[in-house]
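Structure below is work-v4.cif: mmCIF, C-alpha atoms.
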```cif
data_structure
loop_
_atom_site.group_PDB
_atom_site.id
_atom_site.type_symbol
_atom_site.label_atom_id
_atom_site.label_comp_id
_atom_site.auth_asym_id
_atom_site.auth_seq_id
_atom_site.Cartn_x
_atom_site.Cartn_y
_atom_site.Cartn_z
ATOM 1 C CA MET A 221 138.243 110.132 71.512
ATOM 2 C CA HIS A 222 138.654 112.370 74.553
ATOM 3 C CA ARG A 223 135.074 113.508 74.169
ATOM 4 C CA LEU A 224 133.850 109.889 74.238
ATOM 5 C CA LEU A 225 135.837 109.174 77.400
ATOM 6 C CA LEU A 226 134.390 112.278 79.048
ATOM 7 C CA ILE A 227 130.835 111.226 78.150
ATOM 8 C CA PHE A 228 131.540 107.715 79.463
ATOM 9 C CA PHE A 229 132.825 109.002 82.821
ATOM 10 C CA ILE A 230 129.953 111.464 83.232
ATOM 11 C CA GLY A 231 127.426 108.716 82.443
ATOM 12 C CA THR A 232 129.103 106.312 84.847
ATOM 13 C CA SER A 233 129.066 108.945 87.597
ATOM 14 C CA LEU A 234 125.360 109.597 87.108
ATOM 15 C CA LEU A 235 124.516 105.898 87.188
ATOM 16 C CA SER A 236 126.593 105.275 90.305
ATOM 17 C CA GLY A 237 124.760 108.127 92.013
ATOM 18 C CA LEU A 238 121.450 106.480 91.184
ATOM 19 C CA ALA A 239 122.710 103.134 92.439
ATOM 20 C CA ASN A 240 123.612 104.711 95.779
ATOM 21 C CA ALA A 241 120.164 106.249 96.284
ATOM 22 C CA LEU A 242 118.721 104.201 99.149
ATOM 23 C CA GLU A 243 115.041 103.429 99.470
ATOM 24 C CA PHE A 244 113.666 102.282 102.802
ATOM 25 C CA ARG A 245 110.340 100.813 103.877
ATOM 26 C CA SER A 246 109.002 99.398 107.139
ATOM 27 C CA ILE A 247 107.402 96.068 107.958
ATOM 28 C CA SER A 248 103.600 96.432 108.155
ATOM 29 C CA ALA A 249 101.401 96.258 111.227
ATOM 30 C CA SER A 250 101.892 92.507 111.720
ATOM 31 C CA PRO A 251 105.168 90.607 112.077
ATOM 32 C CA VAL A 252 106.011 88.868 108.792
ATOM 33 C CA ILE A 253 108.191 85.984 107.658
ATOM 34 C CA LEU A 254 111.297 86.753 105.621
ATOM 35 C CA TYR A 255 112.329 84.123 103.073
ATOM 36 C CA ASP A 256 115.501 83.115 101.234
ATOM 37 C CA ALA A 257 113.684 83.199 97.859
ATOM 38 C CA PRO A 258 110.748 85.124 96.334
ATOM 39 C CA SER A 259 108.216 82.415 97.188
ATOM 40 C CA ALA A 260 106.257 81.193 100.201
ATOM 41 C CA LYS A 261 107.815 77.816 99.377
ATOM 42 C CA GLY A 262 111.273 79.267 100.011
ATOM 43 C CA GLY A 263 113.202 78.706 103.216
ATOM 44 C CA LYS A 264 111.956 80.724 106.183
ATOM 45 C CA LEU A 265 114.793 82.852 107.553
ATOM 46 C CA TYR A 266 113.163 84.691 110.452
ATOM 47 C CA VAL A 267 110.149 86.715 111.558
ATOM 48 C CA ALA A 268 110.530 90.469 111.162
ATOM 49 C CA PRO A 269 108.784 92.516 113.863
ATOM 50 C CA ARG A 270 106.176 95.175 113.135
ATOM 51 C CA GLY A 271 107.736 98.479 112.105
ATOM 52 C CA MET A 272 111.230 97.138 111.395
ATOM 53 C CA PRO A 273 112.951 99.256 108.735
ATOM 54 C CA VAL A 274 114.373 97.514 105.686
ATOM 55 C CA GLU A 275 116.261 98.759 102.666
ATOM 56 C CA LEU A 276 114.416 97.942 99.451
ATOM 57 C CA ILE A 277 116.847 96.342 96.990
ATOM 58 C CA LEU A 278 114.494 95.265 94.200
ATOM 59 C CA THR A 279 110.951 94.186 93.466
ATOM 60 C CA TYR A 280 110.177 90.979 91.592
ATOM 61 C CA GLY A 281 106.478 90.450 90.913
ATOM 62 C CA THR A 282 104.692 90.512 94.271
ATOM 63 C CA TRP A 283 107.948 90.078 96.214
ATOM 64 C CA SER A 284 110.615 92.508 97.405
ATOM 65 C CA LYS A 285 114.246 91.772 98.142
ATOM 66 C CA VAL A 286 115.298 93.690 101.265
ATOM 67 C CA ARG A 287 118.363 94.262 103.433
ATOM 68 C CA ASP A 288 118.088 94.501 107.219
ATOM 69 C CA MET A 289 120.241 96.423 109.705
ATOM 70 C CA THR A 290 122.795 93.593 109.887
ATOM 71 C CA GLY A 291 123.216 93.595 106.103
ATOM 72 C CA ASP A 292 121.421 90.295 105.550
ATOM 73 C CA LEU A 293 119.350 89.964 102.374
ATOM 74 C CA SER A 294 115.959 88.280 102.289
ATOM 75 C CA TRP A 295 112.618 88.301 100.481
ATOM 76 C CA VAL A 296 109.268 89.561 101.755
ATOM 77 C CA GLU A 297 105.883 89.887 100.119
ATOM 78 C CA SER A 298 105.621 93.487 98.886
ATOM 79 C CA LYS A 299 102.158 93.855 100.448
ATOM 80 C CA ASP A 300 103.813 93.486 103.866
ATOM 81 C CA LEU A 301 105.881 96.665 103.425
ATOM 82 C CA ILE A 302 104.638 100.156 104.203
ATOM 83 C CA VAL A 303 105.965 103.571 103.244
ATOM 84 C CA ARG A 304 105.958 104.971 106.820
ATOM 85 C CA ARG A 305 109.583 105.338 107.810
ATOM 86 C CA ASN A 306 111.168 104.076 110.982
ATOM 87 C CA VAL A 307 114.750 103.844 112.168
ATOM 88 C CA ILE A 308 116.508 101.555 114.635
ATOM 89 C CA VAL A 309 119.044 102.861 117.129
ATOM 90 C CA ARG A 310 122.410 101.289 116.319
ATOM 91 C CA VAL A 311 124.511 102.691 119.165
ATOM 92 C CA THR A 312 124.488 101.874 122.855
ATOM 93 C CA ASN A 313 122.966 105.155 124.001
ATOM 94 C CA ALA A 314 121.531 107.533 121.365
ATOM 95 C CA LYS A 315 120.823 111.029 122.630
ATOM 96 C CA VAL A 316 117.530 112.506 121.418
ATOM 97 C CA ARG A 317 117.518 116.297 121.796
ATOM 98 C CA THR A 318 115.025 119.173 121.559
ATOM 99 C CA ALA A 319 116.804 120.647 118.519
ATOM 100 C CA PRO A 320 119.242 119.390 115.878
ATOM 101 C CA ASP A 321 122.211 120.596 117.905
ATOM 102 C CA GLU A 322 124.625 118.763 120.205
ATOM 103 C CA SER A 323 124.251 121.462 122.875
ATOM 104 C CA SER A 324 120.429 121.421 122.972
ATOM 105 C CA THR A 325 118.496 119.917 125.873
ATOM 106 C CA LEU A 326 118.311 116.133 126.132
ATOM 107 C CA VAL A 327 114.740 114.817 125.720
ATOM 108 C CA PHE A 328 115.548 111.126 126.227
ATOM 109 C CA SER A 329 118.165 108.475 125.559
ATOM 110 C CA ALA A 330 117.379 105.449 123.431
ATOM 111 C CA ASP A 331 119.089 102.093 123.844
ATOM 112 C CA LYS A 332 120.449 100.028 120.995
ATOM 113 C CA HIS A 333 117.737 98.384 118.812
ATOM 114 C CA VAL A 334 114.960 100.786 119.934
ATOM 115 C CA LEU A 335 112.536 101.571 117.105
ATOM 116 C CA LEU A 336 111.810 105.262 116.406
ATOM 117 C CA GLU A 337 109.393 106.754 113.870
ATOM 118 C CA ILE A 338 110.731 109.440 111.523
ATOM 119 C CA THR A 339 108.557 112.569 111.733
ATOM 120 C CA GLU A 340 110.627 114.959 109.590
ATOM 121 C CA SER A 341 113.239 114.440 106.906
ATOM 122 C CA VAL A 342 116.970 114.531 107.507
ATOM 123 C CA THR A 343 118.519 117.976 108.039
ATOM 124 C CA GLY A 344 122.231 118.528 108.484
ATOM 125 C CA GLY A 345 122.988 115.098 109.923
ATOM 126 C CA TRP A 346 119.960 115.026 112.247
ATOM 127 C CA VAL A 347 116.497 113.488 111.904
ATOM 128 C CA LYS A 348 113.380 114.259 113.938
ATOM 129 C CA VAL A 349 111.957 111.113 115.525
ATOM 130 C CA LYS A 350 109.115 110.020 117.761
ATOM 131 C CA HIS A 351 109.318 107.324 120.427
ATOM 132 C CA ARG A 352 106.302 105.017 120.825
ATOM 133 C CA ASP A 353 105.637 106.761 124.157
ATOM 134 C CA GLY A 354 105.073 110.021 122.250
ATOM 135 C CA GLN A 355 108.344 111.817 123.016
ATOM 136 C CA LEU A 356 109.717 113.841 120.091
ATOM 137 C CA GLY A 357 113.234 115.005 119.391
ATOM 138 C CA TYR A 358 116.243 115.002 117.094
ATOM 139 C CA VAL A 359 118.833 112.242 116.856
ATOM 140 C CA LYS A 360 122.058 112.138 114.853
ATOM 141 C CA THR A 361 121.676 110.135 111.659
ATOM 142 C CA SER A 362 124.945 108.352 112.484
ATOM 143 C CA GLU A 363 123.277 106.818 115.569
ATOM 144 C CA VAL A 364 120.349 105.187 113.748
ATOM 145 C CA TRP A 365 119.816 102.824 110.807
ATOM 146 C CA GLY A 366 117.108 103.156 108.178
ATOM 147 C CA ILE A 367 117.879 106.459 106.497
#
```

Rewritten as structure tokens:
Amino acid sequence: MHRLLLIFFIGTSLLSGLANALEFRSISASPVILYDAPSAKGGKLYVAPRGMPVELILTYGTWSKVRDMTGDLSWVESKDLIVRRNVIVRVTNAKVRTAPDESSTLVFSADKHVLLEITESVTGGWVKVKHRDGQLGYVKTSEVWGI
């Protein structure tokens, strides 16, 4: 009996870890309409701008259910999502630095809702990003959404 309980708890832990694995995409080159259902006949919720990061929740046929930075769920045609990763600044003044260290030189500050492209994966709570003007640097993962 104890062995069965142990197997159950281990299995549950593994599944919950998989459920917490987040997968993000970005809106393709053109702004796209997000819907309340997986159909072009569904209600139009809003237009998502080019490059906006979204969390992929599930795929249903040619449609994907996604979550945006505010937590709202909607549907988008899967062909309108790209793998290139972007993040959105979610704090008033994110500091982008030359190295993943609080004491490193400031490259630039990014205002809330600024879109940044991820250029390297997350390391120790920092991610390397690129501004559309070409500036590169590291920002704290806690200051952006889309990771």

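Take the candidates A:Glu340, A:Phe244, A:Val327, A:Val286 and check each one against Gly354 in chain A using all atoms listed in the file; the shortest distance goes to A:Val327.
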
| request: Go through A:Gln355, A:Thr282, A:Thr339, A:Ser250 and flag the residue nearest Val307 in chain A, using all atoms listed in the file for the distances. | output: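 Answer, going by the shortest atom-to-atom distance: A:Thr339.
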
Of A:Thr318, A:Ser259, A:Ser246, A:Ser323, the one nearest to Val359 in chain A when counting all atoms listed in the file is A:Thr318

**Q.** Which of A:Val347, A:Ile367, A:Ile308, A:Ile253 sits closest to Asp331 in chain A [using all atoms listed in the file]
**A.**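 Using all atoms listed in the file, Asp331 in chain A sits closest to A:Ile308.
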
query = Out of A:Arg310, A:Ile302, A:Leu276, A:Gly345, which residue has the shortest atom-to-atom distance to Glu322 in chain A when counting all atoms listed in the file?
reply =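 Once distances to Glu322 in chain A are computed over all atoms listed in the file, the minimum belongs to A:Gly345.
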
Show me, as an mmCIF file with C-alpha atoms, in the frame of the given file, the residues that have an atom within 10 Å of Trp365 in chain A when counting all atoms listed in the file, minus same-chain residues fewer than 6 positions from it.
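Final output, around_28.cif:
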```
data_model
loop_
_atom_site.group_PDB
_atom_site.id
_atom_site.type_symbol
_atom_site.label_atom_id
_atom_site.label_comp_id
_atom_site.auth_asym_id
_atom_site.auth_seq_id
_atom_site.Cartn_x
_atom_site.Cartn_y
_atom_site.Cartn_z
ATOM 1 C CA PRO A 273 112.951 99.256 108.735
ATOM 2 C CA VAL A 274 114.373 97.514 105.686
ATOM 3 C CA GLU A 275 116.261 98.759 102.666
ATOM 4 C CA ASP A 288 118.088 94.501 107.219
ATOM 5 C CA MET A 289 120.241 96.423 109.705
ATOM 6 C CA THR A 290 122.795 93.593 109.887
ATOM 7 C CA ASN A 306 111.168 104.076 110.982
ATOM 8 C CA VAL A 307 114.750 103.844 112.168
ATOM 9 C CA ILE A 308 116.508 101.555 114.635
ATOM 10 C CA VAL A 309 119.044 102.861 117.129
ATOM 11 C CA ARG A 310 122.410 101.289 116.319
ATOM 12 C CA VAL A 311 124.511 102.691 119.165
ATOM 13 C CA HIS A 333 117.737 98.384 118.812
ATOM 14 C CA LEU A 335 112.536 101.571 117.105
#
```

Around range 305-317 of chain A, with edges along x, y and z and 8 Å added on all six sides, what centre and edge lengths do you get, in Å to one decimal, as JSON?
```
{"center_x": 117.0, "center_y": 108.8, "center_z": 115.9, "size_x": 30.9, "size_y": 31.0, "size_z": 32.2}
```

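CA of Asp256 in chain A lies 24.5 Å from CA of Arg304 in chain A.
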
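A straight line drawn from CA of Ile338 in chain A to CA of Tyr255 in chain A is 26.7 Å long.
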
- Item | Straight-line distance linking CA of Pro269 in chain A with CA of Tyr358 in chain A, stated in Å to one decimal |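 Result for CA of Pro269 in chain A versus CA of Tyr358 in chain A: 23.9 Å, one decimal.
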